[in-house]
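Just below is one structure, and these are the notes that go with it.
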Amino acid sequence: MSKASEVLLAGARSAGLSSELVPFPHDGTLAERLSANPFLMAPMAGVSDAAYRLMARAGGAALAYSEMVSVAGIHYGGEKTWKLVEPGDTEP
């Protein structure tokens with residue numbers, strides 16, 4: 001379990017967050033899939049790391065995106081860039 005997951009489990013109730021993440025449905029149109037939970041977290045450079053995405057999902061966001069990253073960083077195999085876009089171990 002990651003440090004972010006431990007913090008979420010410990011403080012979810014007091015922060016008004018859910019301690020369980022509901023997986024995003026895989027069937028139906030996007031509109032149908034978002035009808036039950038229409039909240040999305042936008043990608044934000046320097047902000048939306050794995051811990052922030054986990055907190056956004058626990059707060060009710062149906063989808064939470066990774067940080068905005070440089071395509072050049074991905075193309076040239078930058079290790080820091082890949083760390084930003086890889087999902088955390090507890091992300092669905």
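All residue names refer to the structure tokens as shown: chains lettered A, B, ... in order, residues numbered from 1 in each chain, ligands numbered from 1 in order.
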For Ser70 in chain A, please output as a PyMOL selection string all residues within 10 Å (counting only C-alpha atoms; exclusion window: fewer than 5 positions along the same chain).
chain A and resi 45+75+78+81
Test item, strand (DSSP E or B) assignment across chain A, answer as a PyMOL selection string:
chain A and resi 40-41+63-64
Residues from last step as file, N, CA and C atoms, as a JSON list (two decimals), in the first residue's frame:
[["chain", "number", "residue", "atom", "x", "y", "z"],
["A", 40, "LEU", "N", -15.14, 15.32, -13.26],
["A", 40, "LEU", "CA", -13.84, 14.97, -13.81],
["A", 40, "LEU", "C", -12.79, 15.88, -13.20],
["A", 41, "MET", "N", -11.57, 15.36, -13.05],
["A", 41, "MET", "CA", -10.46, 16.18, -12.59],
["A", 41, "MET", "C", -9.59, 16.49, -13.80],
["A", 63, "LEU", "N", -13.33, 10.43, -13.16],
["A", 63, "LEU", "CA", -12.06, 10.26, -13.85],
["A", 63, "LEU", "C", -11.07, 11.28, -13.31],
["A", 64, "ALA", "N", -9.83, 10.88, -13.16],
["A", 64, "ALA", "CA", -8.76, 11.77, -12.73],
["A", 64, "ALA", "C", -7.57, 11.53, -13.64]]
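Here CA of Ala50 in chain A and CA of Ser19 in chain A stand 15.5 Å from one another.
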Leaving out Ala62 in chain A and any residue of its chain fewer than 2 positions from it, which residues lie within 10 Å of it when counting only C-alpha atoms, given as a ChimeraX atom specification?
/A:21-25,33-41,56-60,64
One decimal, in Å: what's the spacing between CA of Arg53 in chain A and CA of Tyr76 in chain A?
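Separation of CA of Arg53 in chain A and CA of Tyr76 in chain A: 25.5 Å.
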Smallest atom-to-atom distance to Leu8 in chain A: which of A:Leu54, A:Glu67, A:Gly77, A:Pro87, using only C-alpha atoms?
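Ranked by minimum distance to Leu8 in chain A, first place goes to A:Leu54.
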Quick one, how far is CA of Asp89 in chain A from CA of Pro43 in chain A?
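It comes out at 19.0 Å.
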Could you pull out the helix (DSSP H, G or I) residues of chain A, going by DSSP on the backbone, and write them as a PyMOL selection string?
chain A and resi 3-15+30-35+50-58+71-75+79-85
Next, the residues of the selection above should be written as a short mmCIF file (atom, residue, chain, number, x, y, z; two decimals), in the first residue's frame with N, CA and C atoms.
data_model
loop_
_atom_site.label_atom_id
_atom_site.label_comp_id
_atom_site.auth_asym_id
_atom_site.auth_seq_id
_atom_site.Cartn_x
_atom_site.Cartn_y
_atom_site.Cartn_z
N LYS A 3 1.98 5.28 0.38
CA LYS A 3 1.83 6.28 1.44
C LYS A 3 0.55 7.09 1.23
N ALA A 4 0.24 7.43 -0.03
CA ALA A 4 -0.98 8.19 -0.32
C ALA A 4 -2.21 7.41 0.09
N SER A 5 -2.21 6.10 -0.16
CA SER A 5 -3.35 5.26 0.21
C SER A 5 -3.51 5.18 1.72
N GLU A 6 -2.39 5.09 2.43
CA GLU A 6 -2.44 5.03 3.89
C GLU A 6 -3.03 6.32 4.47
N VAL A 7 -2.60 7.45 3.92
CA VAL A 7 -3.11 8.74 4.38
C VAL A 7 -4.60 8.86 4.07
N LEU A 8 -5.00 8.43 2.88
CA LEU A 8 -6.41 8.48 2.51
C LEU A 8 -7.25 7.64 3.45
N LEU A 9 -6.82 6.43 3.72
CA LEU A 9 -7.58 5.56 4.62
C LEU A 9 -7.66 6.14 6.03
N ALA A 10 -6.58 6.74 6.48
CA ALA A 10 -6.55 7.29 7.84
C ALA A 10 -7.42 8.54 7.97
N GLY A 11 -7.46 9.39 6.95
CA GLY A 11 -8.15 10.66 7.09
C GLY A 11 -9.36 10.87 6.22
N ALA A 12 -9.81 9.84 5.52
CA ALA A 12 -10.92 9.99 4.58
C ALA A 12 -12.19 10.51 5.25
N ARG A 13 -12.59 9.89 6.33
CA ARG A 13 -13.85 10.30 6.96
C ARG A 13 -13.81 11.73 7.47
N SER A 14 -12.73 12.10 8.14
CA SER A 14 -12.65 13.44 8.70
C SER A 14 -12.58 14.51 7.60
N ALA A 15 -12.12 14.12 6.41
CA ALA A 15 -12.03 15.06 5.29
C ALA A 15 -13.25 15.01 4.39
N LEU A 30 -19.64 7.29 -23.43
CA LEU A 30 -19.04 8.13 -22.40
C LEU A 30 -20.12 8.90 -21.64
N ALA A 31 -21.12 9.39 -22.37
CA ALA A 31 -22.21 10.12 -21.72
C ALA A 31 -22.95 9.22 -20.73
N GLU A 32 -23.20 7.98 -21.12
CA GLU A 32 -23.88 7.04 -20.22
C GLU A 32 -23.01 6.73 -19.01
N ARG A 33 -21.72 6.57 -19.24
CA ARG A 33 -20.81 6.21 -18.16
C ARG A 33 -20.65 7.36 -17.16
N LEU A 34 -20.74 8.60 -17.66
CA LEU A 34 -20.59 9.76 -16.79
C LEU A 34 -21.91 10.22 -16.18
N SER A 35 -23.03 9.67 -16.62
CA SER A 35 -24.33 10.14 -16.12
C SER A 35 -24.49 9.92 -14.62
N ALA A 50 -0.05 11.18 -8.40
CA ALA A 50 -0.85 10.02 -7.99
C ALA A 50 -1.64 10.29 -6.71
N ALA A 51 -1.04 10.97 -5.74
CA ALA A 51 -1.75 11.25 -4.48
C ALA A 51 -2.93 12.18 -4.72
N TYR A 52 -2.76 13.19 -5.55
CA TYR A 52 -3.84 14.13 -5.84
C TYR A 52 -4.97 13.44 -6.61
N ARG A 53 -4.60 12.57 -7.57
CA ARG A 53 -5.62 11.83 -8.33
C ARG A 53 -6.41 10.92 -7.40
N LEU A 54 -5.74 10.29 -6.47
CA LEU A 54 -6.40 9.41 -5.51
C LEU A 54 -7.38 10.22 -4.65
N MET A 55 -6.95 11.39 -4.21
CA MET A 55 -7.81 12.24 -3.40
C MET A 55 -9.01 12.74 -4.22
N ALA A 56 -8.79 13.08 -5.47
CA ALA A 56 -9.89 13.55 -6.33
C ALA A 56 -10.91 12.43 -6.55
N ARG A 57 -10.43 11.21 -6.78
CA ARG A 57 -11.35 10.08 -6.97
C ARG A 57 -12.11 9.80 -5.68
N ALA A 58 -11.46 9.91 -4.54
CA ALA A 58 -12.13 9.68 -3.26
C ALA A 58 -13.14 10.78 -2.98
N VAL A 71 5.75 15.73 -24.49
CA VAL A 71 5.83 14.62 -25.44
C VAL A 71 7.29 14.28 -25.71
N ALA A 72 8.14 15.29 -25.75
CA ALA A 72 9.57 15.05 -25.96
C ALA A 72 10.14 14.19 -24.83
N GLY A 73 9.69 14.46 -23.60
CA GLY A 73 10.15 13.66 -22.46
C GLY A 73 9.76 12.20 -22.59
N ILE A 74 8.55 11.95 -23.09
CA ILE A 74 8.10 10.57 -23.30
C ILE A 74 8.88 9.94 -24.45
N HIS A 75 9.02 10.68 -25.54
CA HIS A 75 9.72 10.15 -26.72
C HIS A 75 11.16 9.76 -26.41
N GLU A 79 12.95 9.35 -17.50
CA GLU A 79 12.43 8.59 -16.34
C GLU A 79 11.49 9.43 -15.49
N LYS A 80 11.82 10.71 -15.30
CA LYS A 80 10.95 11.60 -14.51
C LYS A 80 9.58 11.75 -15.17
N THR A 81 9.58 11.86 -16.50
CA THR A 81 8.32 12.02 -17.21
C THR A 81 7.44 10.79 -17.04
N TRP A 82 8.02 9.62 -17.15
CA TRP A 82 7.23 8.39 -17.01
C TRP A 82 6.69 8.23 -15.60
N LYS A 83 7.43 8.68 -14.60
CA LYS A 83 6.94 8.61 -13.21
C LYS A 83 5.69 9.46 -13.03
N LEU A 84 5.59 10.56 -13.77
CA LEU A 84 4.43 11.45 -13.67
C LEU A 84 3.17 10.82 -14.26
N VAL A 85 3.31 10.02 -15.29
CA VAL A 85 2.13 9.50 -15.97
C VAL A 85 1.73 8.09 -15.54
#
Met44 in chain A surroundings by only C-alpha atoms, 10 Å radius, close-in-sequence under 3 positions cut, as a PyMOL selection string:
chain A and resi 41+47-49+65-69
